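Step one of this worksheet: look at the structure below.
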Number of protein chains: 2
Amino acid sequence: MDLHRLTRELHVNNTTKIVMYVGDGLGGLPQQPGGRTELETANTPNLDALAKAGVLGSSIPVCPGISPGSGPGHLGLFGYDPLQYMIGRGALEATGIGFALQEGDVAIRANFCTLDSQGNISDRRAGRIPTEESAPLAVRLRNVTIPGIEIFVEPVKEHRFVVVLRGQGLHGNVQDTDPQITGVPPLDAVATDAQSKKAADVAKEFIRQARKLLGGELKANGLTLRGFSGKPQLPSYEEVYGLKAAAIAVYPMYKGLARLVGMDIVGNAQTLAEQMTVLEQNWSKYDFFFIHYKYTDSTGEDGDFDAKVKRTEEFDAAVPRITALRPDVLIVTGDHSTPSMLASHSWHPVPTLLSAKFCRTDGCERFGESECLRGGLGQFEAKYLMTLALANARRLGKFGA
Amino acid sequence: MDLHRLTRELHVNNTTKIVMYVGDGLGGLPQQPGGRTELETANTPNLDALAKAGVLGSSIPVCPGISPGSGPGHLGLFGYDPLQYMIGRGALEATGIGFALQEGDVAIRANFCTLDSQGNISDRRAGRIPTEESAPLAVRLRNVTIPGIEIFVEPVKEHRFVVVLRGQGLHGNVQDTDPQITGVPPLDAVATDAQSKKAADVAKEFIRQARKLLGGELKANGLTLRGFSGKPQLPSYEEVYGLKAAAIAVYPMYKGLARLVGMDIVGNAQTLAEQMTVLEQNWSKYDFFFIHYKYTDSTGEDGDFDAKVKRTEEFDAAVPRITALRPDVLIVTGDHSTPSMLASHSWHPVPTLLSAKFCRTDGCERFGESECLRGGLGQFEAKYLMTLALANARRLGKFGA
């Protein structure tokens, strides 16, 4: 079922403001079964006050048991069914470094690798070459020229870089050239459908010229291409919700994901305090604000319970600057759980809070995983957050007569 | 959405063990509103201990309000959407008596009936002829011979038997020959599509010869055929989950259902104690174990509240032999509710328990319907149990980057 069929038809305009405040990887686990999670351990007076006045629930990013990456996690929050809208690996990598893909582009994750004298791969990651050494090599590959094709080569990190092909008639159904093992040569770029043959041919020529340009290198004398993909076809927030939306994020990945659904990227904040300043400065200009906070995830990924607690308190401390603006709807949630006990993204439902004048409160007193189990939103798929946001913002008309 | 699209892509191998311990018809109702259900009345110290250390929830077998039979009930538990994967009536009847259907078979539920001198049906169930009399008649029908077709005739109970047709080019889209009323002759076997014409012709010839063979009988001198169906197309556990799975069941129906999803049927246990011995003996050989216990359902079907309580205590008492093996994930649930107050399968959600190291416990203290309402799994469709099991066994990779 396409939720947007409903929202396209039912959305109405008014002057209400919606804020979605996302603590990446917000959900967690206790250090001992029965103990308190990171969020429950943290001192979060501002979130607790919102919890008391609002309604809580547990958001399931994709479906029970599935641990999402950042792509599907955010698509769910934005109301785009993450099983319906897939972002290709190359497109996500390009998005992650802030590259603005255009319609018809083919984005590719590329790796430097080491080839032996027979042309077989001896190291799939070129000895995890440091970024200082690999970035200039990626820039060197901008010297590849193919008539009629615009080629972008962007360094990422260590052996990884991104290639984007732009030109008429390119399509992304091309197989990976990484054989996933060593001792064999890279695979050919093979199109899996007729319309992608041109992109495969361009990729082959890119590889041929690139290998010449890398000829003298000891470690990074070869390359593999993976995750060929076009720009994801996502309708915009304006189109499906009638919302003029702004994203206030620090990291390129989240700016990129927001850009894919047509949000404006506003400001250039480097800290949460600066993000709040950007929010204040842009308050009159937008209907919807997505504010992304990274460090609840990165500390979880580091397996550092105490650091995640501390970052959660920092996340809480910024809340008064949001509430001072008196948003009509304020949602606080995460794109997935990142329990420090697992040091990775997980499948556990995400504590979620919605505060709005007519949200029907539920008697919950604090913001935390256990309390959210008793919440009025119940357990729900993340993709429904946006319909709840619109409804609470009185921006959705009645369905049917 | 096909959940298996996800699990096929995301499953990873490791050495974890998953046990699904199914009390058939486990859920129930109190004798008076507000009282305790069978499960809540039973003394279940082992399940309560698991409930305390694990996470509870209420499983919805198909969707709210739907009372499933054993087929859809178990398909849900096995992670096969019961609305997507239908098991034809004939195939289920064959499965229920332990008949191993092959690709291309057509299975049929057959009834003996009584025909009057005009050939009209006077009794659709041949006077509910006792099994002692009907079974030899079913065996007699094995004398039917049709060139190029292998025919299996298997007694079931009273007037019921199973016919399986095996041969080239057979398809199951053939209408029932039972007119559902008396005073008229049986209907012709009519194919509803072109490819099923051969099976319809074979069925007609089977009926012709069978009536000759039954000519001298007083009660069972005729027959009707219903529920023509092929072997259900179910991908295997190995295929969709990467799990080597074993079923430890006493009754043929549950062995049959497990076989349909590619589980090995291990042991030949007749009691729960013997089932536990089979579990112990096969522990090293499989990743996943389905253990089926029948008597929580049969006592419920008998409308015997006290007997169901007693059988539930027996179900509980076997738990220490499972936990002694230290499974990484232990799920305790039922395929549906069978409240003794209704003496039938019902639509009520099924109390469900998941115990695993990283399951995020929920403060529940006992295993029972009311407590499960407060559980961390919430109310969920049974088909998600397998993704939850795989996630908790750390057998699912991340979805998307």
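Quick note on naming: the chains in the structure tokens go A, B, ... in the order shown, residues restart at 1 in each chain, and ligands are numbered from 1 in order of appearance.
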
Please provide as number ranges by chain all residues within 7 Å of Thr338 in chain B, with the sequence filter that same-chain residues fewer than 6 positions apart are discarded (counting only C-alpha atoms).
-> B: 25-28, 297, 300-301, 344-346

What's the 10 Å shell around Arg321 in chain A, counting only C-alpha atoms, without same-chain residues fewer than 4 positions away, as number ranges by chain?
-> A: 273, 276-277, 279-280, 317, 325-326

Just N, CA and C atoms for this one: save the residues we selected as an mmCIF file, in the first residue's frame.
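Okay, this is what ended up in selection-v9.cif:
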```cif
data_model
loop_
_atom_site.group_PDB
_atom_site.id
_atom_site.type_symbol
_atom_site.label_atom_id
_atom_site.label_comp_id
_atom_site.auth_asym_id
_atom_site.auth_seq_id
_atom_site.Cartn_x
_atom_site.Cartn_y
_atom_site.Cartn_z
ATOM 1 N N ALA A 273 24.533 23.100 18.830
ATOM 2 C CA ALA A 273 24.154 24.485 19.140
ATOM 3 C C ALA A 273 24.000 25.292 17.851
ATOM 4 N N MET A 276 20.799 24.478 16.150
ATOM 5 C CA MET A 276 19.655 25.171 16.736
ATOM 6 C C MET A 276 19.585 26.624 16.259
ATOM 7 N N THR A 277 20.740 27.228 16.087
ATOM 8 C CA THR A 277 20.766 28.586 15.547
ATOM 9 C C THR A 277 20.216 28.600 14.118
ATOM 10 N N LEU A 279 18.124 26.515 12.919
ATOM 11 C CA LEU A 279 16.678 26.294 13.053
ATOM 12 C C LEU A 279 15.973 27.626 13.322
ATOM 13 N N GLU A 280 16.485 28.372 14.285
ATOM 14 C CA GLU A 280 15.874 29.657 14.634
ATOM 15 C C GLU A 280 15.867 30.619 13.442
ATOM 16 N N ALA A 317 19.642 18.309 26.053
ATOM 17 C CA ALA A 317 19.881 19.690 26.499
ATOM 18 C C ALA A 317 19.512 20.716 25.431
ATOM 19 N N LEU A 325 10.491 27.713 20.218
ATOM 20 C CA LEU A 325 9.912 28.171 18.949
ATOM 21 C C LEU A 325 8.442 27.770 18.835
ATOM 22 N N ARG A 326 7.974 26.967 19.804
ATOM 23 C CA ARG A 326 6.581 26.517 19.858
ATOM 24 C C ARG A 326 6.129 25.805 18.576
#
```

Determine which residues of chain B sit within 6 Å of chain A, taking into account only C-alpha atoms, and present them as a compact mmCIF listing (two decimals) with N, CA, C and O atoms, in the first residue's frame.
```
# COMPACT_ATOMS: atom_id res chain seq x y z
N TYR B 384 6.33 -12.64 11.55
CA TYR B 384 7.56 -11.93 11.91
C TYR B 384 8.38 -12.66 12.97
O TYR B 384 9.49 -12.24 13.29
N THR B 387 11.81 -13.65 11.56
CA THR B 387 12.82 -12.59 11.44
C THR B 387 13.34 -12.20 12.81
O THR B 387 14.54 -11.94 12.99
N LEU B 388 12.45 -12.19 13.81
CA LEU B 388 12.90 -11.91 15.18
C LEU B 388 13.85 -13.01 15.67
O LEU B 388 14.86 -12.72 16.31
N ALA B 391 17.19 -12.53 13.89
CA ALA B 391 17.89 -11.34 14.40
C ALA B 391 18.51 -11.65 15.76
O ALA B 391 19.69 -11.38 16.00
N LYS B 398 22.66 -6.44 8.12
CA LYS B 398 21.99 -5.14 8.05
C LYS B 398 21.31 -4.98 6.70
O LYS B 398 21.84 -5.38 5.68
N PHE B 399 20.14 -4.36 6.72
CA PHE B 399 19.40 -4.08 5.49
C PHE B 399 19.77 -2.69 4.98
O PHE B 399 19.48 -1.70 5.63
N GLY B 400 20.40 -2.65 3.83
CA GLY B 400 20.80 -1.35 3.26
C GLY B 400 22.01 -0.80 4.00
O GLY B 400 22.31 -1.23 5.10
N ALA B 401 22.68 0.13 3.36
CA ALA B 401 23.90 0.66 3.99
C ALA B 401 23.57 1.84 4.89
O ALA B 401 22.45 2.30 4.92
```

In Å, rounded to a single decimal, give me how far CA of Leu75 in chain A is from CA of Ile331 in chain A.
->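 About the pair CA of Ile331 in chain A and CA of Leu75 in chain A: they are 15.6 Å apart.
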
What gap, in Å, lies between CA of Asp335 in chain B and CA of Gly23 in chain B?
->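 Going from CA of Asp335 in chain B over to CA of Gly23 in chain B covers 7.5 Å.
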
In range 120-158 of chain A, what's alpha helix (DSSP H) per DSSP? Answer as a PyMOL selection string?
-> chain A and resi 131-140

Can you spit out the residues from that selection as a PDB file, in the first residue's frame, using N, CA, C and O atoms?
```pdb
ATOM      1  N   THR A 131      43.926   7.588   3.540  1.00  0.00           N
ATOM      2  CA  THR A 131      43.201   8.578   2.743  1.00  0.00           C
ATOM      3  C   THR A 131      44.139   9.628   2.148  1.00  0.00           C
ATOM      4  O   THR A 131      43.943  10.072   1.015  1.00  0.00           O
ATOM      5  N   GLU A 132      45.160  10.017   2.912  1.00  0.00           N
ATOM      6  CA  GLU A 132      46.102  11.025   2.404  1.00  0.00           C
ATOM      7  C   GLU A 132      46.740  10.570   1.097  1.00  0.00           C
ATOM      8  O   GLU A 132      47.055  11.383   0.223  1.00  0.00           O
ATOM      9  N   GLU A 133      46.959   9.249   0.980  1.00  0.00           N
ATOM     10  CA  GLU A 133      47.571   8.743  -0.256  1.00  0.00           C
ATOM     11  C   GLU A 133      46.542   8.479  -1.354  1.00  0.00           C
ATOM     12  O   GLU A 133      46.819   8.656  -2.538  1.00  0.00           O
ATOM     13  N   SER A 134      45.335   8.016  -0.937  1.00  0.00           N
ATOM     14  CA  SER A 134      44.364   7.593  -1.945  1.00  0.00           C
ATOM     15  C   SER A 134      43.617   8.773  -2.565  1.00  0.00           C
ATOM     16  O   SER A 134      43.265   8.736  -3.746  1.00  0.00           O
ATOM     17  N   ALA A 135      43.375   9.816  -1.767  1.00  0.00           N
ATOM     18  CA  ALA A 135      42.584  10.940  -2.288  1.00  0.00           C
ATOM     19  C   ALA A 135      43.236  11.564  -3.529  1.00  0.00           C
ATOM     20  O   ALA A 135      42.552  11.792  -4.536  1.00  0.00           O
ATOM     21  N   PRO A 136      44.563  11.807  -3.511  1.00  0.00           N
ATOM     22  CA  PRO A 136      45.174  12.365  -4.730  1.00  0.00           C
ATOM     23  C   PRO A 136      45.050  11.416  -5.929  1.00  0.00           C
ATOM     24  O   PRO A 136      44.958  11.870  -7.072  1.00  0.00           O
ATOM     25  N   LEU A 137      45.050  10.104  -5.663  1.00  0.00           N
ATOM     26  CA  LEU A 137      44.903   9.150  -6.772  1.00  0.00           C
ATOM     27  C   LEU A 137      43.508   9.241  -7.373  1.00  0.00           C
ATOM     28  O   LEU A 137      43.338   9.172  -8.596  1.00  0.00           O
ATOM     29  N   ALA A 138      42.499   9.387  -6.500  1.00  0.00           N
ATOM     30  CA  ALA A 138      41.133   9.540  -7.006  1.00  0.00           C
ATOM     31  C   ALA A 138      41.047  10.796  -7.862  1.00  0.00           C
ATOM     32  O   ALA A 138      40.476  10.782  -8.965  1.00  0.00           O
ATOM     33  N   VAL A 139      41.658  11.876  -7.369  1.00  0.00           N
ATOM     34  CA  VAL A 139      41.655  13.126  -8.135  1.00  0.00           C
ATOM     35  C   VAL A 139      42.369  12.926  -9.478  1.00  0.00           C
ATOM     36  O   VAL A 139      41.932  13.439 -10.515  1.00  0.00           O
ATOM     37  N   ARG A 140      43.446  12.138  -9.470  1.00  0.00           N
ATOM     38  CA  ARG A 140      44.179  11.874 -10.719  1.00  0.00           C
ATOM     39  C   ARG A 140      43.267  11.214 -11.769  1.00  0.00           C
ATOM     40  O   ARG A 140      43.405  11.463 -12.967  1.00  0.00           O
TER      41      ARG A 140
END
```

For range 115-127 of chain A, list every protein, DNA or RNA residue within 6 Å, evaluated using only C-alpha atoms, and leave out those in the same chain fewer than 2 positions away; present the list as number ranges by chain.
-> A: 112-113, 129, 159, 182-185, 219-220, 222

Since we have the selection now, will you write its residues out, keeping all heavy atoms, as a PDB file, in the first residue's frame?
```pdb
ATOM      1  N   PHE A 112      40.084   1.101  -4.701  1.00  0.00           N
ATOM      2  CA  PHE A 112      41.424   0.809  -5.195  1.00  0.00           C
ATOM      3  C   PHE A 112      41.792  -0.605  -4.763  1.00  0.00           C
ATOM      4  O   PHE A 112      41.419  -1.048  -3.669  1.00  0.00           O
ATOM      5  CB  PHE A 112      42.451   1.795  -4.618  1.00  0.00           C
ATOM      6  CG  PHE A 112      42.336   3.172  -5.205  1.00  0.00           C
ATOM      7  CD1 PHE A 112      41.955   4.245  -4.419  1.00  0.00           C
ATOM      8  CD2 PHE A 112      42.613   3.385  -6.554  1.00  0.00           C
ATOM      9  CE1 PHE A 112      41.845   5.519  -4.963  1.00  0.00           C
ATOM     10  CE2 PHE A 112      42.500   4.666  -7.104  1.00  0.00           C
ATOM     11  CZ  PHE A 112      42.113   5.729  -6.308  1.00  0.00           C
ATOM     12  N   CYS A 113      42.502  -1.326  -5.632  1.00  0.00           N
ATOM     13  CA  CYS A 113      42.995  -2.645  -5.248  1.00  0.00           C
ATOM     14  C   CYS A 113      44.435  -2.798  -5.760  1.00  0.00           C
ATOM     15  O   CYS A 113      44.921  -1.961  -6.526  1.00  0.00           O
ATOM     16  CB  CYS A 113      42.098  -3.751  -5.812  1.00  0.00           C
ATOM     17  SG  CYS A 113      42.136  -3.882  -7.611  1.00  0.00           S
ATOM     18  N   ILE A 129      45.024   1.468   1.988  1.00  0.00           N
ATOM     19  CA  ILE A 129      45.811   2.681   1.743  1.00  0.00           C
ATOM     20  C   ILE A 129      45.221   3.881   2.491  1.00  0.00           C
ATOM     21  O   ILE A 129      44.011   4.085   2.470  1.00  0.00           O
ATOM     22  CB  ILE A 129      45.859   2.917   0.208  1.00  0.00           C
ATOM     23  CG1 ILE A 129      46.703   4.138  -0.157  1.00  0.00           C
ATOM     24  CG2 ILE A 129      44.448   3.081  -0.364  1.00  0.00           C
ATOM     25  CD1 ILE A 129      46.906   4.253  -1.683  1.00  0.00           C
ATOM     26  N   HIS A 159      40.677   3.102   0.802  1.00  0.00           N
ATOM     27  CA  HIS A 159      40.651   2.565  -0.562  1.00  0.00           C
ATOM     28  C   HIS A 159      39.376   2.921  -1.324  1.00  0.00           C
ATOM     29  O   HIS A 159      39.234   2.563  -2.484  1.00  0.00           O
ATOM     30  CB  HIS A 159      40.779   1.040  -0.501  1.00  0.00           C
ATOM     31  CG  HIS A 159      39.705   0.433   0.349  1.00  0.00           C
ATOM     32  ND1 HIS A 159      39.699   0.513   1.720  1.00  0.00           N
ATOM     33  CD2 HIS A 159      38.585  -0.239   0.017  1.00  0.00           C
ATOM     34  CE1 HIS A 159      38.634  -0.093   2.202  1.00  0.00           C
ATOM     35  NE2 HIS A 159      37.949  -0.556   1.199  1.00  0.00           N
ATOM     36  N   THR A 182      40.693 -12.888  -3.909  1.00  0.00           N
ATOM     37  CA  THR A 182      41.981 -12.506  -4.486  1.00  0.00           C
ATOM     38  C   THR A 182      42.498 -13.657  -5.358  1.00  0.00           C
ATOM     39  O   THR A 182      41.933 -14.746  -5.384  1.00  0.00           O
ATOM     40  CB  THR A 182      43.010 -12.195  -3.380  1.00  0.00           C
ATOM     41  OG1 THR A 182      43.088 -13.319  -2.511  1.00  0.00           O
ATOM     42  CG2 THR A 182      42.596 -10.979  -2.574  1.00  0.00           C
ATOM     43  N   GLY A 183      43.564 -13.373  -6.110  1.00  0.00           N
ATOM     44  CA  GLY A 183      44.154 -14.418  -6.951  1.00  0.00           C
ATOM     45  C   GLY A 183      43.501 -14.544  -8.316  1.00  0.00           C
ATOM     46  O   GLY A 183      43.864 -15.413  -9.112  1.00  0.00           O
ATOM     47  N   VAL A 184      42.530 -13.692  -8.588  1.00  0.00           N
ATOM     48  CA  VAL A 184      41.874 -13.690  -9.904  1.00  0.00           C
ATOM     49  C   VAL A 184      41.827 -12.235 -10.378  1.00  0.00           C
ATOM     50  O   VAL A 184      41.932 -11.315  -9.574  1.00  0.00           O
ATOM     51  CB  VAL A 184      40.439 -14.268  -9.839  1.00  0.00           C
ATOM     52  CG1 VAL A 184      40.449 -15.724  -9.374  1.00  0.00           C
ATOM     53  CG2 VAL A 184      39.552 -13.424  -8.921  1.00  0.00           C
ATOM     54  N   PRO A 185      41.671 -12.010 -11.679  1.00  0.00           N
ATOM     55  CA  PRO A 185      41.576 -10.625 -12.155  1.00  0.00           C
ATOM     56  C   PRO A 185      40.205 -10.028 -11.819  1.00  0.00           C
ATOM     57  O   PRO A 185      39.257 -10.780 -11.555  1.00  0.00           O
ATOM     58  CB  PRO A 185      41.761 -10.743 -13.668  1.00  0.00           C
ATOM     59  CG  PRO A 185      41.442 -12.156 -14.013  1.00  0.00           C
ATOM     60  CD  PRO A 185      41.635 -12.984 -12.788  1.00  0.00           C
ATOM     61  N   LYS A 219      50.743   0.118  -4.428  1.00  0.00           N
ATOM     62  CA  LYS A 219      49.570  -0.478  -3.768  1.00  0.00           C
ATOM     63  C   LYS A 219      48.323  -0.349  -4.641  1.00  0.00           C
ATOM     64  O   LYS A 219      47.674  -1.324  -4.974  1.00  0.00           O
ATOM     65  CB  LYS A 219      49.329   0.207  -2.411  1.00  0.00           C
ATOM     66  CG  LYS A 219      50.280  -0.273  -1.327  1.00  0.00           C
ATOM     67  CD  LYS A 219      49.861   0.216   0.055  1.00  0.00           C
ATOM     68  CE  LYS A 219      50.366   1.624   0.284  1.00  0.00           C
ATOM     69  NZ  LYS A 219      50.243   2.045   1.703  1.00  0.00           N
ATOM     70  N   ALA A 220      47.992   0.900  -4.985  1.00  0.00           N
ATOM     71  CA  ALA A 220      46.728   1.167  -5.676  1.00  0.00           C
ATOM     72  C   ALA A 220      46.941   1.216  -7.175  1.00  0.00           C
ATOM     73  O   ALA A 220      46.769   2.247  -7.803  1.00  0.00           O
ATOM     74  CB  ALA A 220      46.123   2.470  -5.159  1.00  0.00           C
ATOM     75  N   GLY A 222      45.229  -0.768  -9.267  1.00  0.00           N
ATOM     76  CA  GLY A 222      44.030  -1.269  -9.930  1.00  0.00           C
ATOM     77  C   GLY A 222      42.785  -0.758  -9.234  1.00  0.00           C
ATOM     78  O   GLY A 222      42.874  -0.031  -8.237  1.00  0.00           O
TER      79      GLY A 222
END
```

Mind listing the strand (DSSP E) residues of range 152-284 of chain A, per DSSP on the backbone, as number ranges by chain?
-> A: 152-157, 160-166, 222-230, 245-248, 264-265

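Picture a line from CA of Ala100 in chain A to CA of Leu260 in chain A; it runs 8.6 Å.
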
Tell me which of B:Leu10, B:Ala307, B:Val190, B:Ile60 sits closest to Glu381 in chain B, counting only C-alpha atoms.
->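 Looking at the shortest contact to Glu381 in chain B, the residue is B:Ile60.
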
Taking 4 positions as the minimum chain separation for residues in the same chain, which residues sit within 9 Å of Ala110 in chain A when counting only C-alpha atoms? Answer as a PDB file with C-alpha atoms, in the first residue's frame.
```
ATOM      1  CA  GLY A  90      26.465   3.502  -5.379  1.00  0.00           C
ATOM      2  CA  HIS A 159      40.651   2.565  -0.562  1.00  0.00           C
ATOM      3  CA  ARG A 160      37.125   3.815  -1.282  1.00  0.00           C
ATOM      4  CA  PHE A 161      36.054   6.416  -3.813  1.00  0.00           C
ATOM      5  CA  VAL A 162      32.974   7.273  -5.846  1.00  0.00           C
ATOM      6  CA  VAL A 163      32.569   7.492  -9.599  1.00  0.00           C
ATOM      7  CA  LEU A 223      40.366  -0.679  -9.167  1.00  0.00           C
ATOM      8  CA  THR A 224      37.027  -2.432  -8.882  1.00  0.00           C
ATOM      9  CA  LEU A 225      33.544  -0.972  -9.385  1.00  0.00           C
ATOM     10  CA  ARG A 226      30.468  -1.976  -7.369  1.00  0.00           C
ATOM     11  CA  GLY A 227      26.871  -1.023  -6.690  1.00  0.00           C
TER      12      GLY A 227
END
```

Any idea what's packed within 9 Å of Gly167 in chain A, counting only C-alpha atoms, ignoring anything in its chain fewer than 5 positions away? Could you give it as a list in words?
-> Gly104, Asp105, Val106, Gly148, Ile149, Glu150 and Ile151 of chain A

Extract, using only C-alpha atoms, all DNA, RNA and protein residues at most 8 Å from Asp193 in chain B, discarding same-chain residues fewer than 2 positions from it, and format them as a list in words.
-> Asn173, Val174, Ala191, Gln195, Ser196 and Lys197 of chain B

Which residues, written as a PyMOL selection string, have at least one atom at most 9 Å from range 238-243 of chain B, with only C-alpha atoms counted and residues fewer than 3 positions away on the same chain left out?
-> chain B and resi 4-13+235+261-263+286-288+386-387+390+395-396

Could you turn the residues from that selection into a file that holds N, CA and C atoms, as a short mmCIF file (atom, residue, chain, number, x, y, z; two decimals), in the first residue's frame?
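Saved to again23.cif:
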```cif
data_model
loop_
_atom_site.label_atom_id
_atom_site.label_comp_id
_atom_site.auth_asym_id
_atom_site.auth_seq_id
_atom_site.Cartn_x
_atom_site.Cartn_y
_atom_site.Cartn_z
N HIS B 4 10.57 -12.99 2.69
CA HIS B 4 11.69 -13.85 2.32
C HIS B 4 12.64 -13.19 1.34
N ARG B 5 12.17 -12.14 0.66
CA ARG B 5 13.09 -11.38 -0.18
C ARG B 5 14.19 -10.82 0.72
N LEU B 6 13.78 -10.35 1.90
CA LEU B 6 14.76 -9.83 2.86
C LEU B 6 15.63 -10.93 3.46
N THR B 7 14.98 -11.99 3.95
CA THR B 7 15.77 -13.00 4.66
C THR B 7 16.72 -13.73 3.71
N ARG B 8 16.30 -13.94 2.47
CA ARG B 8 17.19 -14.58 1.50
C ARG B 8 18.48 -13.78 1.34
N GLU B 9 18.30 -12.46 1.31
CA GLU B 9 19.44 -11.59 1.03
C GLU B 9 20.30 -11.40 2.27
N LEU B 10 19.66 -11.35 3.43
CA LEU B 10 20.36 -10.88 4.63
C LEU B 10 20.89 -11.98 5.53
N HIS B 11 20.42 -13.23 5.34
CA HIS B 11 20.82 -14.23 6.34
C HIS B 11 22.30 -14.56 6.25
N VAL B 12 22.89 -14.76 7.40
CA VAL B 12 24.30 -15.13 7.49
C VAL B 12 24.38 -16.41 8.33
N ASN B 13 25.48 -17.09 8.20
CA ASN B 13 25.64 -18.33 8.94
C ASN B 13 26.45 -18.11 10.21
N PRO B 235 9.16 -22.35 -0.53
CA PRO B 235 10.62 -22.43 -0.52
C PRO B 235 11.06 -23.00 0.83
N VAL B 261 8.06 -27.23 4.37
CA VAL B 261 9.04 -26.13 4.35
C VAL B 261 10.47 -26.68 4.42
N GLY B 262 10.60 -27.95 4.16
CA GLY B 262 11.95 -28.51 4.02
C GLY B 262 12.62 -28.92 5.32
N MET B 263 11.85 -29.00 6.41
CA MET B 263 12.49 -29.48 7.64
C MET B 263 12.67 -30.99 7.56
N TYR B 286 21.55 -29.73 13.82
CA TYR B 286 20.66 -28.75 13.21
C TYR B 286 20.84 -27.37 13.82
N ASP B 287 20.37 -26.36 13.04
CA ASP B 287 20.40 -24.97 13.51
C ASP B 287 19.08 -24.60 14.20
N PHE B 288 18.02 -25.23 13.74
CA PHE B 288 16.66 -24.84 14.15
C PHE B 288 15.85 -26.08 14.49
N MET B 386 9.93 -15.41 12.75
CA MET B 386 11.18 -15.95 12.21
C MET B 386 12.23 -14.86 11.98
N THR B 387 11.81 -13.65 11.56
CA THR B 387 12.82 -12.59 11.44
C THR B 387 13.34 -12.20 12.81
N LEU B 390 15.79 -14.97 13.84
CA LEU B 390 17.07 -14.84 13.14
C LEU B 390 17.87 -13.65 13.66
N ARG B 395 21.74 -13.88 13.06
CA ARG B 395 21.83 -14.51 11.75
C ARG B 395 21.30 -13.63 10.63
N LEU B 396 21.07 -12.34 10.89
CA LEU B 396 20.60 -11.43 9.84
C LEU B 396 21.55 -10.24 9.75
#
```

Residue nearest Gln209 in chain A among A:Pro179, A:Val144, A:Ala249, A:Leu165 (counting only C-alpha atoms) =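 Residue with the minimum atom-to-atom distance to Gln209 in chain A: A:Val144.
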